[in-house]
$ cat input-v6.cif   # mmCIF, C-alpha atoms
data_target
#
loop_
_atom_site.label_atom_id
_atom_site.label_comp_id
_atom_site.auth_asym_id
_atom_site.auth_seq_id
_atom_site.Cartn_x
_atom_site.Cartn_y
_atom_site.Cartn_z
CA LEU A 1358 107.46 95.33 133.52
CA ARG A 1359 104.11 94.11 132.31
CA ALA A 1360 101.22 96.43 133.17
CA ARG A 1361 98.62 94.79 135.38
CA GLY A 1362 95.84 95.85 133.01
CA ASP A 1363 97.69 94.20 130.12
CA ARG A 1364 98.07 90.92 132.00
CA ASP A 1365 94.56 90.82 133.48
CA LEU A 1366 92.70 91.81 130.32
CA ALA A 1367 94.77 89.41 128.18
CA GLU A 1368 93.80 86.55 130.52
CA GLN A 1369 90.14 87.48 130.16
CA LEU A 1370 90.34 87.89 126.37
CA LEU A 1371 92.06 84.53 125.94
CA LYS A 1372 88.97 82.89 127.48
CA ASP A 1373 86.51 84.66 125.17
CA ARG A 1374 84.96 82.37 122.52
CA THR A 1375 85.33 84.87 119.64
CA VAL A 1376 88.97 85.54 120.54
CA VAL A 1377 89.72 81.81 120.80
CA GLN A 1378 88.16 81.25 117.35
CA ALA A 1379 90.24 84.10 115.88
CA ILE A 1380 93.40 82.59 117.37
CA GLN A 1381 92.56 79.18 115.90
CA GLN A 1382 91.96 80.75 112.48
CA MET A 1383 95.25 82.68 112.71
CA GLU A 1384 97.16 79.52 113.58
CA GLU A 1385 95.57 77.61 110.69
CA ASN A 1386 96.57 80.37 108.26
CA ALA A 1387 100.07 80.79 109.71
CA ASP A 1388 101.42 77.70 107.97
CA ARG A 1389 99.97 78.84 104.65
CA VAL A 1390 101.11 82.47 104.78
CA GLY A 1391 104.55 82.29 106.40
CA ALA A 1392 105.57 85.51 108.14
CA ARG A 1393 109.27 85.20 107.32
CA ARG A 1394 108.58 84.45 103.68
CA GLN A 1395 106.36 87.52 103.43
CA LEU A 1396 109.00 89.67 105.14
CA LEU A 1397 111.68 88.46 102.75
CA ALA A 1398 109.42 89.37 99.82
CA THR A 1399 108.60 92.88 101.04
CA SER A 1400 111.66 94.06 102.99
CA LEU A 1401 115.40 93.59 103.40
CA ARG A 1402 116.73 91.26 106.07
CA LEU A 1403 119.68 92.86 107.84
CA ALA A 1404 122.14 89.99 108.14
CA ARG A 1405 124.66 90.26 110.97
CA GLY A 1406 127.46 92.63 110.09
CA MET A 1407 125.46 94.69 107.59
CA ALA A 1408 124.60 97.27 110.23
CA PRO A 1409 126.87 96.79 113.28
CA ILE A 1410 125.11 99.46 115.34
CA VAL A 1411 121.78 97.73 114.74
CA ASP A 1412 123.35 94.39 115.71
CA GLN A 1413 124.61 95.96 118.94
CA VAL A 1414 121.19 97.48 119.72
CA MET A 1415 119.44 94.16 119.09
CA ASP A 1416 121.94 92.24 121.25
CA THR A 1417 121.67 94.77 124.08
CA CYS A 1418 117.87 94.67 124.03
CA ARG A 1419 117.72 90.88 123.98
CA GLU A 1420 120.18 90.75 126.88
CA ARG A 1421 118.39 93.38 128.98
CA LEU A 1422 115.02 91.74 128.39
CA GLU A 1423 116.50 88.26 128.97
CA MET A 1424 115.23 86.91 125.65
CA ASP A 1425 116.97 83.90 124.15
CA ALA A 1426 115.06 83.27 120.92
CA PRO A 1427 116.84 84.12 117.66
CA LEU A 1428 116.00 87.57 116.34
CA GLU A 1429 115.91 88.73 112.74
CA THR A 1430 115.76 92.39 111.77
CA PHE A 1431 114.10 93.61 108.59
CA VAL A 1432 114.06 97.10 107.08
CA TYR A 1433 111.61 98.42 104.53
CA PRO A 1434 111.65 101.66 102.54
CA ASP A 1435 109.42 104.31 104.08
CA ALA A 1436 109.74 108.01 104.86
CA ASP A 1437 107.73 107.62 108.09
CA PHE A 1438 109.17 106.54 111.42
CA ASN A 1439 107.67 103.15 112.10
CA ALA A 1440 108.48 99.74 113.51
CA ALA A 1441 106.62 96.53 114.16
CA ALA A 1442 106.91 93.20 115.87
CA VAL A 1443 105.88 90.36 113.60
CA ARG A 1444 104.38 87.16 114.93
CA PRO A 1445 107.15 84.65 115.75
CA GLU A 1446 107.66 81.71 113.46
CA GLY A 1447 109.84 78.64 113.79
CA GLY A 1448 111.15 79.84 117.15
CA ARG A 1449 112.43 83.11 115.65
CA MET A 1450 111.36 86.63 116.53
CA PHE A 1451 111.10 89.32 113.87
CA VAL A 1452 111.41 93.10 114.17
CA LEU A 1453 110.57 95.32 111.21
CA VAL A 1454 111.79 98.94 111.04
CA SER A 1455 111.34 101.65 108.44
CA SER A 1456 114.39 103.01 106.65
CA ALA A 1457 113.63 106.53 107.92
CA LEU A 1458 113.66 105.35 111.52
CA LEU A 1459 116.90 103.45 111.03
CA ASP A 1460 118.59 106.46 109.40
CA ASN A 1461 117.38 109.13 111.83
CA PHE A 1462 117.36 107.62 115.31
CA GLU A 1463 120.36 107.60 117.60
CA PRO A 1464 121.36 104.14 118.89
CA ASP A 1465 119.73 104.65 122.31
CA GLU A 1466 116.53 105.96 120.63
CA LEU A 1467 116.56 102.93 118.36
CA ALA A 1468 117.00 100.77 121.47
CA PHE A 1469 113.78 102.23 122.88
CA VAL A 1470 111.88 101.41 119.68
CA VAL A 1471 113.38 97.92 119.38
CA GLY A 1472 112.75 97.27 123.08
CA HIS A 1473 109.15 98.37 122.63
CA GLU A 1474 108.69 95.92 119.74
CA LEU A 1475 110.45 93.12 121.62
CA GLY A 1476 108.11 93.87 124.51
CA HIS A 1477 105.24 92.82 122.26
CA HIS A 1478 107.05 89.50 121.77
CA LEU A 1479 107.99 89.18 125.44
CA PHE A 1480 104.47 89.73 126.74
CA GLY A 1481 102.71 87.59 124.12
CA HIS A 1482 100.80 90.49 122.58
CA LEU A 1483 101.05 88.95 119.12
CA SER A 1484 99.03 85.92 120.26
CA ILE A 1485 95.79 87.94 120.25
CA PRO A 1486 94.93 88.71 116.61
CA VAL A 1487 93.10 92.02 117.05
CA SER A 1488 92.22 92.48 113.37
CA ALA A 1489 90.80 88.95 113.11
CA VAL A 1490 88.73 89.51 116.24
CA LEU A 1491 87.40 92.78 114.83
CA GLU A 1492 86.41 91.03 111.59
CA ALA A 1493 84.01 88.93 113.66
CA ARG A 1494 82.37 92.08 115.02
CA GLU A 1495 78.81 90.85 114.49
CA HIS A 1496 79.54 87.97 116.89
CA LEU A 1497 81.54 90.07 119.33
CA ASP A 1498 80.07 91.05 122.65
CA PRO A 1499 80.36 94.85 123.21
CA GLY A 1500 82.03 94.19 126.57
CA THR A 1501 84.67 92.09 124.87
CA LEU A 1502 85.23 94.85 122.32
CA LEU A 1503 85.82 97.36 125.11
CA LYS A 1504 88.23 94.94 126.82
CA LEU A 1505 90.09 94.46 123.54
CA PHE A 1506 90.66 98.19 123.05
CA SER A 1507 91.60 98.70 126.71
CA TRP A 1508 94.01 95.78 126.49
CA LYS A 1509 95.67 97.30 123.41
CA ARG A 1510 96.37 100.52 125.35
CA TYR A 1511 97.79 98.61 128.32
CA ALA A 1512 99.88 96.48 125.94
CA GLU A 1513 101.50 99.66 124.61
CA ILE A 1514 102.33 100.73 128.19
CA SER A 1515 103.97 97.37 128.87
CA SER A 1516 105.96 97.61 125.65
CA ASP A 1517 107.06 101.16 126.42
CA ARG A 1518 108.39 99.88 129.75
CA ALA A 1519 110.44 97.24 127.90
CA GLY A 1520 111.70 100.01 125.60
CA LEU A 1521 112.76 102.07 128.63
CA VAL A 1522 114.80 99.14 129.96
CA CYS A 1523 116.53 98.76 126.59
CA ALA A 1524 117.20 102.48 126.14
CA GLY A 1525 118.81 102.67 129.56
CA GLY A 1526 117.21 105.96 130.55
CA LEU A 1527 114.30 108.31 130.08
CA ASP A 1528 115.89 110.87 127.73
CA PRO A 1529 116.27 108.57 124.70
CA CYS A 1530 112.69 107.38 125.22
CA LEU A 1531 111.39 110.93 125.22
CA CYS A 1532 113.41 111.82 122.12
CA ALA A 1533 112.23 108.72 120.28
CA LEU A 1534 108.58 109.33 121.19
CA PHE A 1535 108.92 112.99 120.18
CA LYS A 1536 110.43 112.05 116.80
CA VAL A 1537 107.72 109.48 116.13
CA ALA A 1538 104.95 111.92 117.11
CA SER A 1539 106.34 114.95 115.27
CA GLY A 1540 108.10 113.38 112.31
CA LEU A 1541 111.04 115.75 112.88
CA ARG A 1542 114.34 114.29 111.79
CA GLY A 1543 117.06 116.68 112.87
CA HIS A 1544 118.22 118.33 116.03
CA ARG A 1545 116.54 121.70 115.49
CA VAL A 1546 114.06 121.12 118.29
CA LYS A 1547 115.26 120.32 121.77
CA VAL A 1548 113.04 117.98 123.75
CA ASP A 1549 112.59 119.36 127.25
#
$ encode --input "input-v6.cif" --output "structure tokens"
Amino acid sequence: LRARGDRDLAEQLLKDRTVVQAIQQMEENADRVGARRQLLATSLRLARGMAPIVDQVMDTCRERLEMDAPLETFVYPDADFNAAAVRPEGGRMFVLVSSALLDNFEPDELAFVVGHELGHHLFGHLSIPVSAVLEAREHLDPGTLLKLFSWKRYAEISSDRAGLVCAGGLDPCLCALFKVASGLRGHRVKVD
């Protein structure tokens, strides 16, 4: 599922001195910040049974992507359709979804979004701290900067492929992408 450009550029970036330094800094700060603690302070953790359809989507995606690590789902109040993968911590994966997305996406559309976010976990995308690398811009080689932005695009392609596997077909993927791009919530527009 992983795009060749994603894999190849990630390998090159992980050998770059500035990227390695950013990773070391991220790992040093990880113990201090605590991703799960921050999520619990800013969003609601959906415990099993609170949202059975979400539980089913998460289980299906983990099974289809052959992922064994524990997964926690968090929802935060927002009118925009958005989701994120949060850097793993303590062997657990985290997926964050906006309340609007959770309320307005059909289960198979949600599976595409969740699969996309789990793809970021699956392919190790969260191990390259893009924002930290960009903060060191004055020390960053222009070629590395171009690789970083190219890698980000390929990483999205890889994650979309994981989302497709989870959604089980192209139609829910198209509908989900259309909803995210347009912000439309209902069924007034037919995706064709």
$ atom_distance --input "input-v6.cif" --atom1 "CA of Gly1476 in chain A" --atom2 "CA of Leu1422 in chain A"
8.2 Å
$ resolve_selection --input "input-v6.cif" --expression "the PyMOL selection byres ((chain A and resi 1508-1513) around 7)" --output "count of residues only"
14
$ closest_residue --input "input-v6.cif" --among "A:Leu1396, A:Met1424, A:Arg1405, A:Ala1440" --to "Phe1469 in chain A" --atoms "all atoms listed in the file"
A:Ala1440
$ closest_atom_pairs --input "input-v6.cif" --of "range 1466-1492 of chain A" --to "range 1373-1377 of chain A" --cutoff "8 Å" --atoms "all atoms listed in the file" --output "JSON lines"
{"residue": "A:Ile1485", "atom": "CA", "partner": "A:Val1376", "partner_atom": "CA", "distance": 7.2}
{"residue": "A:Pro1486", "atom": "CA", "partner": "A:Val1376", "partner_atom": "CA", "distance": 7.8}
{"residue": "A:Val1490", "atom": "CA", "partner": "A:Val1376", "partner_atom": "CA", "distance": 5.9}
$ closest_residue --input "input-v6.cif" --among "A:Arg1394, A:Glu1385, A:Pro1464, A:Val1432" --to "Pro1409 in chain A" --atoms "only C-alpha atoms"
A:Pro1464
$ residues_around --input "input-v6.cif" --residues "Leu1531 in chain A" --least-positions-apart "6" --cutoff "9 Å" --atoms "all atoms listed in the file" --output "list in words"
Glu1466, Val1548 and Asp1549 of chain A
$ atom_distance --input "input-v6.cif" --atom1 "CA of Val1522 in chain A" --atom2 "CA of Phe1480 in chain A"
14.3 Å
$ resolve_selection --input "input-v6.cif" --expression "the PyMOL selection byres ((chain A and resi 1392) around 8)" --output "list of chain:residue names"
A:Ala1387, A:Val1390, A:Gly1391, A:Arg1393, A:Arg1394, A:Gln1395, A:Leu1396, A:Val1443, A:Arg1444, A:Pro1445, A:Glu1446
$ atom_distance --input "input-v6.cif" --atom1 "CA of Val1452 in chain A" --atom2 "CA of Leu1475 in chain A"
7.5 Å
$ residues_around --input "input-v6.cif" --residues "Phe1451 in chain A" --least-positions-apart "6" --cutoff "6 Å" --atoms "all atoms listed in the file" --output "PyMOL selection string"
chain A and resi 1428-1430+1443
$ residues_around --input "input-v6.cif" --residues "Arg1542 in chain A" --least-positions-apart "6" --cutoff "9 Å" --atoms "all atoms listed in the file" --output "mmCIF file with C-alpha atoms, in the coordinates of the input"
data_model
loop_
_atom_site.group_PDB
_atom_site.id
_atom_site.type_symbol
_atom_site.label_atom_id
_atom_site.label_comp_id
_atom_site.auth_asym_id
_atom_site.auth_seq_id
_atom_site.Cartn_x
_atom_site.Cartn_y
_atom_site.Cartn_z
ATOM 1 C CA ALA A 1457 113.630 106.530 107.920
ATOM 2 C CA LEU A 1458 113.660 105.350 111.520
ATOM 3 C CA ASN A 1461 117.380 109.130 111.830
ATOM 4 C CA PHE A 1462 117.360 107.620 115.310
ATOM 5 C CA LYS A 1536 110.430 112.050 116.800
#
$ closest_residue --input "input-v6.cif" --among "A:Arg1421, A:Asp1460, A:Gly1481, A:Gly1500" --to "Arg1364 in chain A" --atoms "only C-alpha atoms"
A:Gly1481
$ closest_residue --input "input-v6.cif" --among "A:Leu1403, A:Leu1497, A:Leu1479, A:Cys1523" --to "Thr1417 in chain A" --atoms "all atoms listed in the file"
A:Cys1523
$ closest_residue --input "input-v6.cif" --among "A:Gly1447, A:Gly1472, A:Gly1540, A:Pro1499" --to "Arg1419 in chain A" --atoms "only C-alpha atoms"
A:Gly1472
$ closest_residue --input "input-v6.cif" --among "A:Asp1528, A:Asp1437, A:Glu1495, A:Glu1423" --to "Ser1455 in chain A" --atoms "all atoms listed in the file"
A:Asp1437
$ residues_around --input "input-v6.cif" --residues "Leu1401 in chain A" --least-positions-apart "3" --cutoff "7 Å" --atoms "all atoms listed in the file" --output "tab-separated table (two decimals) with C-alpha atoms, keeping the file's coordinate frame"
chain	number	residue	atom	x	y	z
A	1397	LEU	CA	111.68	88.46	102.75
A	1431	PHE	CA	114.10	93.61	108.59
A	1432	VAL	CA	114.06	97.10	107.08
A	1433	TYR	CA	111.61	98.42	104.53
$ build_atoms --input "input-v6.cif" --residues "range 1431-1457 of chain A" --atoms "N, CA, C and O atoms" --output "mmCIF file, keeping the file's coordinate frame"
data_model
loop_
_atom_site.group_PDB
_atom_site.id
_atom_site.type_symbol
_atom_site.label_atom_id
_atom_site.label_comp_id
_atom_site.auth_asym_id
_atom_site.auth_seq_id
_atom_site.Cartn_x
_atom_site.Cartn_y
_atom_site.Cartn_z
ATOM 1 N N PHE A 1431 114.438 93.282 109.970
ATOM 2 C CA PHE A 1431 114.100 93.610 108.590
ATOM 3 C C PHE A 1431 113.884 95.106 108.474
ATOM 4 O O PHE A 1431 113.368 95.735 109.398
ATOM 5 N N VAL A 1432 114.279 95.678 107.344
ATOM 6 C CA VAL A 1432 114.060 97.100 107.080
ATOM 7 C C VAL A 1432 113.294 97.218 105.763
ATOM 8 O O VAL A 1432 113.502 96.442 104.833
ATOM 9 N N TYR A 1433 112.382 98.182 105.737
ATOM 10 C CA TYR A 1433 111.610 98.420 104.530
ATOM 11 C C TYR A 1433 111.647 99.902 104.202
ATOM 12 O O TYR A 1433 111.786 100.742 105.092
ATOM 13 N N PRO A 1434 111.563 100.253 102.917
ATOM 14 C CA PRO A 1434 111.650 101.660 102.540
ATOM 15 C C PRO A 1434 110.377 102.427 102.898
ATOM 16 O O PRO A 1434 109.285 102.045 102.491
ATOM 17 N N ASP A 1435 110.548 103.470 103.697
ATOM 18 C CA ASP A 1435 109.420 104.310 104.080
ATOM 19 C C ASP A 1435 109.960 105.601 104.672
ATOM 20 O O ASP A 1435 110.924 105.571 105.441
ATOM 21 N N ALA A 1436 109.329 106.702 104.346
ATOM 22 C CA ALA A 1436 109.740 108.010 104.860
ATOM 23 C C ALA A 1436 109.230 108.259 106.273
ATOM 24 O O ALA A 1436 109.697 109.184 106.945
ATOM 25 N N ASP A 1437 108.279 107.468 106.743
ATOM 26 C CA ASP A 1437 107.730 107.620 108.090
ATOM 27 C C ASP A 1437 108.543 106.814 109.086
ATOM 28 O O ASP A 1437 109.147 105.802 108.747
ATOM 29 N N PHE A 1438 108.526 107.278 110.347
ATOM 30 C CA PHE A 1438 109.170 106.540 111.420
ATOM 31 C C PHE A 1438 108.193 105.476 111.890
ATOM 32 O O PHE A 1438 107.132 105.792 112.424
ATOM 33 N N ASN A 1439 108.564 104.221 111.695
ATOM 34 C CA ASN A 1439 107.670 103.150 112.100
ATOM 35 C C ASN A 1439 108.468 101.889 112.374
ATOM 36 O O ASN A 1439 109.561 101.700 111.845
ATOM 37 N N ALA A 1440 107.889 101.042 113.197
ATOM 38 C CA ALA A 1440 108.480 99.740 113.510
ATOM 39 C C ALA A 1440 107.355 98.799 113.890
ATOM 40 O O ALA A 1440 106.252 99.240 114.228
ATOM 41 N N ALA A 1441 107.642 97.506 113.821
ATOM 42 C CA ALA A 1441 106.620 96.530 114.160
ATOM 43 C C ALA A 1441 107.271 95.235 114.633
ATOM 44 O O ALA A 1441 108.372 94.890 114.216
ATOM 45 N N ALA A 1442 106.560 94.569 115.499
ATOM 46 C CA ALA A 1442 106.910 93.200 115.870
ATOM 47 C C ALA A 1442 106.027 92.309 115.009
ATOM 48 O O ALA A 1442 104.845 92.581 114.838
ATOM 49 N N VAL A 1443 106.612 91.288 114.452
ATOM 50 C CA VAL A 1443 105.880 90.360 113.600
ATOM 51 C C VAL A 1443 105.781 89.039 114.331
ATOM 52 O O VAL A 1443 106.733 88.603 114.995
ATOM 53 N N ARG A 1444 104.639 88.407 114.206
ATOM 54 C CA ARG A 1444 104.380 87.160 114.930
ATOM 55 C C ARG A 1444 105.523 86.162 114.738
ATOM 56 O O ARG A 1444 105.973 85.913 113.623
ATOM 57 N N PRO A 1445 106.037 85.597 115.842
ATOM 58 C CA PRO A 1445 107.150 84.650 115.750
ATOM 59 C C PRO A 1445 106.806 83.439 114.881
ATOM 60 O O PRO A 1445 105.640 83.068 114.753
ATOM 61 N N GLU A 1446 107.847 82.864 114.337
ATOM 62 C CA GLU A 1446 107.660 81.710 113.460
ATOM 63 C C GLU A 1446 108.901 80.835 113.555
ATOM 64 O O GLU A 1446 110.020 81.349 113.486
ATOM 65 N N GLY A 1447 108.711 79.563 113.729
ATOM 66 C CA GLY A 1447 109.840 78.640 113.790
ATOM 67 C C GLY A 1447 110.810 78.958 114.916
ATOM 68 O O GLY A 1447 112.010 78.761 114.765
ATOM 69 N N GLY A 1448 110.294 79.504 116.024
ATOM 70 C CA GLY A 1448 111.150 79.840 117.150
ATOM 71 C C GLY A 1448 111.922 81.131 116.997
ATOM 72 O O GLY A 1448 112.720 81.486 117.862
ATOM 73 N N ARG A 1449 111.719 81.848 115.895
ATOM 74 C CA ARG A 1449 112.430 83.110 115.650
ATOM 75 C C ARG A 1449 111.505 84.300 115.865
ATOM 76 O O ARG A 1449 110.323 84.243 115.538
ATOM 77 N N MET A 1450 112.088 85.372 116.393
ATOM 78 C CA MET A 1450 111.360 86.630 116.530
ATOM 79 C C MET A 1450 111.767 87.535 115.362
ATOM 80 O O MET A 1450 112.897 87.459 114.878
ATOM 81 N N PHE A 1451 110.841 88.395 114.970
ATOM 82 C CA PHE A 1451 111.100 89.320 113.870
ATOM 83 C C PHE A 1451 110.772 90.747 114.314
ATOM 84 O O PHE A 1451 109.742 90.975 114.950
ATOM 85 N N VAL A 1452 111.658 91.671 113.960
ATOM 86 C CA VAL A 1452 111.410 93.100 114.170
ATOM 87 C C VAL A 1452 111.569 93.772 112.817
ATOM 88 O O VAL A 1452 112.553 93.548 112.103
ATOM 89 N N LEU A 1453 110.605 94.609 112.485
ATOM 90 C CA LEU A 1453 110.570 95.320 111.210
ATOM 91 C C LEU A 1453 110.684 96.808 111.498
ATOM 92 O O LEU A 1453 109.947 97.330 112.344
ATOM 93 N N VAL A 1454 111.627 97.499 110.851
ATOM 94 C CA VAL A 1454 111.790 98.940 111.040
ATOM 95 C C VAL A 1454 111.822 99.637 109.690
ATOM 96 O O VAL A 1454 112.302 99.079 108.704
ATOM 97 N N SER A 1455 111.309 100.865 109.675
ATOM 98 C CA SER A 1455 111.340 101.650 108.440
ATOM 99 C C SER A 1455 112.749 102.201 108.224
ATOM 100 O O SER A 1455 113.509 102.413 109.179
ATOM 101 N N SER A 1456 113.077 102.455 106.963
ATOM 102 C CA SER A 1456 114.390 103.010 106.650
ATOM 103 C C SER A 1456 114.577 104.384 107.266
ATOM 104 O O SER A 1456 115.677 104.722 107.719
ATOM 105 N N ALA A 1457 113.521 105.197 107.320
ATOM 106 C CA ALA A 1457 113.630 106.530 107.920
ATOM 107 C C ALA A 1457 113.984 106.432 109.398
ATOM 108 O O ALA A 1457 114.829 107.188 109.896
#
